[in-house]
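Enquirer: You'll find model.txt just under this line, and it carries compact mmCIF, C-alpha atoms and all ligand atoms.
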```
# COMPACT_ATOMS: atom_id res chain seq x y z
CA MET P 776 -9.95 22.03 -5.24
CA LYS P 777 -8.11 18.76 -5.63
CA GLY P 778 -8.02 16.41 -2.66
CA LYS P 779 -4.95 14.64 -1.30
CA PHE P 780 -3.87 11.09 -2.00
CA ILE P 781 -2.43 9.18 0.98
CA THR P 782 -1.19 5.61 0.76
CA ILE P 783 -0.29 3.13 3.50
CA GLU P 784 2.30 0.46 2.85
CA GLY P 785 4.03 -2.25 4.85
CA GLY P 786 4.80 -5.92 5.10
CA GLU P 787 2.59 -8.65 6.51
CA GLY P 788 1.37 -8.06 10.08
CA ALA P 789 2.49 -4.41 10.17
CA GLY P 790 -0.89 -3.21 11.47
CA LYS P 791 -2.20 -1.47 8.35
CA SER P 792 -5.89 -2.21 8.99
CA THR P 793 -5.98 -0.85 12.55
CA ASN P 794 -3.97 2.22 11.61
CA LEU P 795 -6.03 2.95 8.50
CA ILE P 796 -9.07 3.31 10.73
CA PHE P 797 -7.05 5.58 13.02
CA ILE P 798 -5.94 7.77 10.08
CA ARG P 799 -9.47 7.98 8.75
CA GLN P 800 -10.66 9.18 12.17
CA TYR P 801 -7.87 11.78 12.29
CA LEU P 802 -8.82 13.13 8.86
CA LYS P 803 -12.53 13.14 9.62
CA ALA P 804 -11.82 15.10 12.81
CA ALA P 805 -9.95 17.57 10.58
CA GLU P 806 -13.17 17.83 8.54
CA LYS P 807 -11.89 16.05 5.43
CA LYS P 808 -14.19 13.91 3.36
CA VAL P 809 -12.31 10.62 3.20
CA VAL P 810 -12.57 7.78 0.69
CA LEU P 811 -11.00 4.67 2.21
CA THR P 812 -10.06 2.09 -0.38
CA ARG P 813 -7.55 -0.66 -1.11
CA GLU P 814 -5.40 -2.40 -3.69
CA PRO P 815 -5.64 -4.79 -5.27
CA GLY P 816 -9.36 -4.07 -5.20
CA GLY P 817 -11.48 -0.99 -4.58
CA THR P 818 -13.91 -1.65 -7.47
CA SER P 819 -16.09 -4.66 -8.24
CA VAL P 820 -13.75 -5.73 -11.06
CA GLY P 821 -10.71 -5.04 -8.89
CA GLU P 822 -12.07 -7.14 -6.04
CA LYS P 823 -12.59 -10.06 -8.45
CA ILE P 824 -8.99 -9.68 -9.62
CA ARG P 825 -7.92 -9.58 -5.95
CA ASP P 826 -9.75 -12.85 -5.25
CA VAL P 827 -7.79 -14.56 -8.02
CA LEU P 828 -4.47 -13.00 -6.98
CA LEU P 829 -4.82 -14.00 -3.33
CA ASP P 830 -6.33 -17.44 -3.93
CA LYS P 831 -3.76 -19.90 -2.62
CA LYS P 832 -5.04 -22.55 -5.05
CA GLN P 833 -3.89 -20.38 -8.01
CA ILE P 834 -0.30 -21.54 -7.78
CA ASP P 835 0.38 -21.25 -11.50
CA ILE P 836 0.07 -17.45 -11.94
CA SER P 837 3.26 -16.32 -13.70
CA ASN P 838 5.14 -13.27 -12.44
CA ASP P 839 4.23 -11.20 -15.51
CA THR P 840 0.56 -12.20 -15.23
CA GLU P 841 0.59 -11.19 -11.56
CA LEU P 842 2.15 -7.83 -12.44
CA LEU P 843 -0.36 -7.14 -15.21
CA MET P 844 -3.29 -8.13 -13.00
CA MET P 845 -2.14 -5.65 -10.34
CA PHE P 846 -2.12 -2.90 -12.95
CA ALA P 847 -5.40 -4.03 -14.51
CA ALA P 848 -7.09 -3.68 -11.12
CA ARG P 849 -5.28 -0.36 -10.62
CA ALA P 850 -6.43 1.08 -13.96
CA GLN P 851 -10.04 0.40 -13.03
CA HIS P 852 -9.53 1.77 -9.53
CA ILE P 853 -7.92 5.01 -10.73
CA GLU P 854 -10.55 5.73 -13.36
CA HIS P 855 -13.61 4.82 -11.30
CA VAL P 856 -12.67 5.69 -7.72
CA ILE P 857 -9.41 7.55 -7.13
CA LEU P 858 -9.50 10.31 -9.75
CA PRO P 859 -13.21 11.12 -9.37
CA ALA P 860 -12.74 11.43 -5.59
CA LEU P 861 -9.63 13.62 -5.86
CA ASN P 862 -11.27 15.81 -8.47
CA ALA P 863 -14.26 16.26 -6.15
CA GLY P 864 -11.85 17.50 -3.43
CA ASP P 865 -12.06 14.34 -1.30
CA TRP P 866 -9.06 12.79 0.43
CA VAL P 867 -8.25 9.29 -0.78
CA LEU P 868 -6.74 6.95 1.79
CA CYS P 869 -5.53 3.83 0.04
CA ASP P 870 -4.38 0.57 1.63
CA ARG P 871 -1.40 -0.14 -0.68
CA PHE P 872 -0.72 1.28 -4.14
CA THR P 873 2.06 1.05 -6.74
CA ASP P 874 4.87 1.00 -4.17
CA ALA P 875 3.53 -2.45 -3.25
CA THR P 876 4.14 -3.49 -6.85
CA TYR P 877 7.74 -2.27 -6.68
CA ALA P 878 8.15 -4.08 -3.34
CA TYR P 879 6.38 -7.41 -4.06
CA GLN P 880 6.62 -7.87 -7.84
CA GLY P 881 9.94 -5.96 -8.08
CA GLY P 882 11.77 -6.82 -4.84
CA GLY P 883 9.92 -10.05 -4.05
CA ARG P 884 9.54 -11.63 -7.49
CA GLY P 885 12.55 -9.98 -9.13
CA ILE P 886 10.79 -8.11 -11.96
CA ASP P 887 12.83 -5.19 -13.34
CA ASN P 888 11.88 -1.81 -11.87
CA GLU P 889 11.97 -0.32 -15.38
CA ARG P 890 9.16 -2.59 -16.56
CA ILE P 891 7.07 -1.60 -13.55
CA ALA P 892 7.83 2.08 -14.20
CA THR P 893 6.62 1.70 -17.80
CA LEU P 894 3.26 0.38 -16.57
CA GLU P 895 3.12 3.00 -13.81
CA ASN P 896 3.53 5.84 -16.32
CA TRP P 897 1.07 4.29 -18.73
CA VAL P 898 -1.70 3.49 -16.23
CA GLN P 899 -1.28 6.46 -13.88
CA GLY P 900 -0.06 9.30 -16.07
CA THR P 901 1.09 11.89 -13.52
CA LEU P 902 -0.91 10.48 -10.59
CA ARG P 903 1.36 9.78 -7.59
CA PRO P 904 0.58 9.70 -3.84
CA ASP P 905 1.05 12.98 -1.94
CA LEU P 906 2.02 11.11 1.22
CA THR P 907 3.05 7.50 1.81
CA LEU P 908 3.30 5.99 5.28
CA LEU P 909 5.48 2.90 5.46
CA LEU P 910 4.68 0.79 8.53
CA ASP P 911 8.00 -0.95 9.00
CA LEU P 912 8.95 -3.80 11.30
CA PRO P 913 11.27 -6.83 11.17
CA VAL P 914 9.86 -9.54 8.93
CA GLU P 915 9.91 -12.31 11.56
CA GLU P 916 7.86 -10.18 13.93
CA GLY P 917 5.31 -9.28 11.25
CA MET P 918 4.96 -12.91 10.23
CA LYS P 919 4.33 -13.95 13.84
CA ARG P 920 1.56 -11.37 14.11
CA ALA P 921 0.04 -12.31 10.72
CA ASN P 922 0.11 -16.04 11.52
CA LYS P 923 -2.14 -15.46 14.50
CA ARG P 924 -4.88 -14.33 12.10
CA SER P 925 -6.58 -16.33 9.35
CA GLU P 926 -5.19 -18.92 6.94
CA PRO P 927 -2.35 -17.58 4.77
CA ASP P 928 -3.25 -16.32 1.26
CA ARG P 929 -1.11 -16.82 -1.87
CA PHE P 930 1.35 -14.06 -0.86
CA GLU P 931 1.40 -14.90 2.84
CA GLN P 932 2.57 -18.40 1.94
CA GLU P 933 5.88 -17.03 0.65
CA LYS P 934 9.13 -17.61 2.52
CA LEU P 935 11.09 -15.36 4.86
CA GLU P 936 13.61 -14.39 2.13
CA PHE P 937 10.79 -13.14 -0.10
CA PHE P 938 9.53 -10.83 2.65
CA ASN P 939 13.01 -9.63 3.44
CA ARG P 940 13.38 -8.59 -0.21
CA VAL P 941 9.97 -6.86 0.01
CA ARG P 942 11.01 -5.00 3.16
CA ASN P 943 14.34 -3.91 1.67
CA ALA P 944 12.62 -2.66 -1.48
CA TYR P 945 10.22 -0.57 0.63
CA LEU P 946 13.05 0.86 2.74
CA ASN P 947 15.04 1.74 -0.40
CA MET P 948 12.05 3.56 -1.87
CA ALA P 949 11.50 5.42 1.40
CA ARG P 950 15.14 6.54 1.45
CA THR P 951 15.09 7.74 -2.15
CA ASN P 952 11.64 9.41 -2.07
CA THR P 953 12.01 11.39 1.13
CA GLY P 954 9.59 14.04 -0.15
CA ARG P 955 6.48 11.92 0.14
CA TYR P 956 7.62 8.92 2.25
CA ARG P 957 7.46 8.67 6.03
CA ILE P 958 8.72 5.58 7.84
CA VAL P 959 6.73 4.56 10.92
CA ASP P 960 8.42 2.17 13.36
CA ALA P 961 5.62 -0.39 13.63
CA SER P 962 7.52 -2.70 16.01
CA THR P 963 6.54 -0.66 19.10
CA SER P 964 3.23 -0.41 20.99
CA LEU P 965 0.07 0.59 19.13
CA GLU P 966 -0.04 3.77 21.20
CA ASN P 967 3.47 4.74 20.11
CA VAL P 968 2.75 3.89 16.47
CA GLN P 969 -0.30 6.12 16.56
CA GLU P 970 1.71 8.95 18.14
CA GLN P 971 4.17 8.72 15.24
CA ILE P 972 1.31 8.74 12.73
CA THR P 973 -0.33 11.74 14.40
CA GLN P 974 2.90 13.71 14.18
CA ILE P 975 3.30 12.87 10.48
CA LEU P 976 -0.29 13.88 9.72
CA ASP P 977 0.03 17.09 11.77
CA GLU P 978 3.10 18.06 9.73
CA PHE P 979 1.49 17.05 6.44
CA CYS P 980 -1.60 19.14 7.15
CA VAL P 981 0.48 22.16 8.20
CA ASP P 982 2.71 21.86 5.11
CA ASN P 983 -0.37 21.84 2.92
CA ILE P 984 -1.99 24.65 4.93
CA LEU P 985 -5.11 22.57 5.29
P1 LIG D 1 -3.27 -6.82 1.82
O1 LIG D 1 -3.94 -8.09 2.17
O2 LIG D 1 -2.13 -6.49 2.70
O3 LIG D 1 -4.23 -5.73 1.59
O4 LIG D 1 -2.58 -7.02 0.35
C1 LIG D 1 -2.81 -8.06 -0.45
C2 LIG D 1 -1.55 -8.67 -0.93
O5 LIG D 1 -1.27 -8.21 -2.25
C3 LIG D 1 -0.30 -8.41 -0.10
O6 LIG D 1 0.33 -9.64 0.18
C4 LIG D 1 0.59 -7.59 -1.02
C5 LIG D 1 0.10 -7.94 -2.41
N1 LIG D 1 0.26 -6.88 -3.40
C6 LIG D 1 1.22 -7.03 -4.40
O7 LIG D 1 1.91 -8.03 -4.42
N2 LIG D 1 1.36 -6.03 -5.32
C7 LIG D 1 0.60 -4.90 -5.33
O8 LIG D 1 0.76 -4.03 -6.20
C8 LIG D 1 -0.40 -4.76 -4.29
C9 LIG D 1 -1.27 -3.54 -4.28
C10 LIG D 1 -0.53 -5.76 -3.36
```
Written as structure tokens, that's how I'd like the structure from this file.
Expert:
Amino acid sequence: MKGKFITIEGGEGAGKSTNLIFIRQYLKAAEKKVVLTREPGGTSVGEKIRDVLLDKKQIDISNDTELLMMFAARAQHIEHVILPALNAGDWVLCDRFTDATYAYQGGGRGIDNERIATLENWVQGTLRPDLTLLLDLPVEEGMKRANKRSEPDRFEQEKLEFFNRVRNAYLNMARTNTGRYRIVDASTSLENVQEQITQILDEFCVDNIL
């Protein structure tokens, strides 16, 4: 039996890392074998690509190069990690996927959605997430939270307007893909966020009779 493919998306400081661990625990308690992975990254080649993409000294990466590097890492990730896991019946829990490309390279950088869709179809074939959780909160709040952490990477150095475009792109996708998207209000307490996530996962598991 094929496993399920769940992705987590959100802006900076939305709490993805903490909540990914929470989701993994939920799924393990439901006796799923879970592969937790991330993009860009998830393979040794992908992690090298990630290092270049996030390196704040690499200021001269063009928008098209950035887009192609995201999909280069993704191609490797799909072939070597995601598809083998799904085909083995495992559940894949991925920290960001192609929606991040639509949000950051599309919304943020201004690349045409059609160009991204061409690469999506080419690299992924019919592979799409079964469920996407969007951890949403106002950009200013997310940036405050993120700033308390480590030094900003190449994306985190972007301006407020960039992240507002990213957030709007995510919200538009969530509103037009209601089948697989669930918006989580990430501006509340961690306890409340995790209650929302639990409800979404409960419904998802019931819908899939799992
Ligand atoms: P993370 O640190 O939140 O895991 O993500 C790394 C950064 O990469 C984050 O700022 C978003 C960015 N990103 C893109 O711009 N496009 C993509 O397709 C992906 C997967 C991530």
Enquirer: Please extract the residues at most 7 Å from ligand LIG 1 (chain D), counting only C-alpha atoms and all ligand atoms, and provide them as number ranges by chain, using the chain letters and residue numbers of this document.
Expert: P: 787, 813-815, 829, 845, 870-876, 879-880, 930-931
Enquirer: Can you tell me, as a PyMOL selection string, what residues are no more than 12 Å from Glu916 (chain P) when counting only C-alpha atoms, ignoring any on the same chain fewer than 6 positions away?
Expert: chain P and resi 786-790+922-923+935+938-939+961-963
Enquirer: Which value, in Å to one decimal, gives the distance between CA of Gln971 (chain P) and CA of Tyr801 (chain P)?
Expert: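 That distance, rounded to one decimal, is 12.8 Å.
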Enquirer: In Å, with one decimal, what is the gap from CA of Lys808 (chain P) to CA of Asp865 (chain P)?
Expert: 5.1 Å
Enquirer: What box, with edges along x, y and z, holds each listed atom of region 900-913 of chain P when 3 Å is added on every side, and can you state its centre and edge lengths in Å to one decimal, as JSON?
Expert:
```
{"center_x": 5.2, "center_y": 3.1, "center_z": -2.4, "size_x": 18.2, "size_y": 25.8, "size_z": 33.4}
```
Enquirer: Find the spatial neighbours of Gly885 (chain P), counting only C-alpha atoms, within a cut-off of 12 Å - ignore same-chain residues fewer than 2 positions away - and output them as a list in words.
Expert: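 Close residues of Gly885 (chain P): Asn838, Asp839, Leu842, Thr876, Tyr877, Ala878, Tyr879, Gln880, Gly881, Gly882, Gly883, Asp887, Asn888, Glu889, Arg890, Ile891, Phe937, Arg940, Val941 and Ala944 of chain P.
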Enquirer: Counting only C-alpha atoms, which residue out of P:Gly816, P:Thr901, P:Glu933, P:Asp826 sits closest to Val856 (chain P)?
Expert: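 Closest candidate: P:Gly816.
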Enquirer: Nearest residue to Leu946 (chain P) out of P:Ala921, P:Ala892, P:Cys980, P:Leu909, using only C-alpha atoms?
Expert: P:Leu909
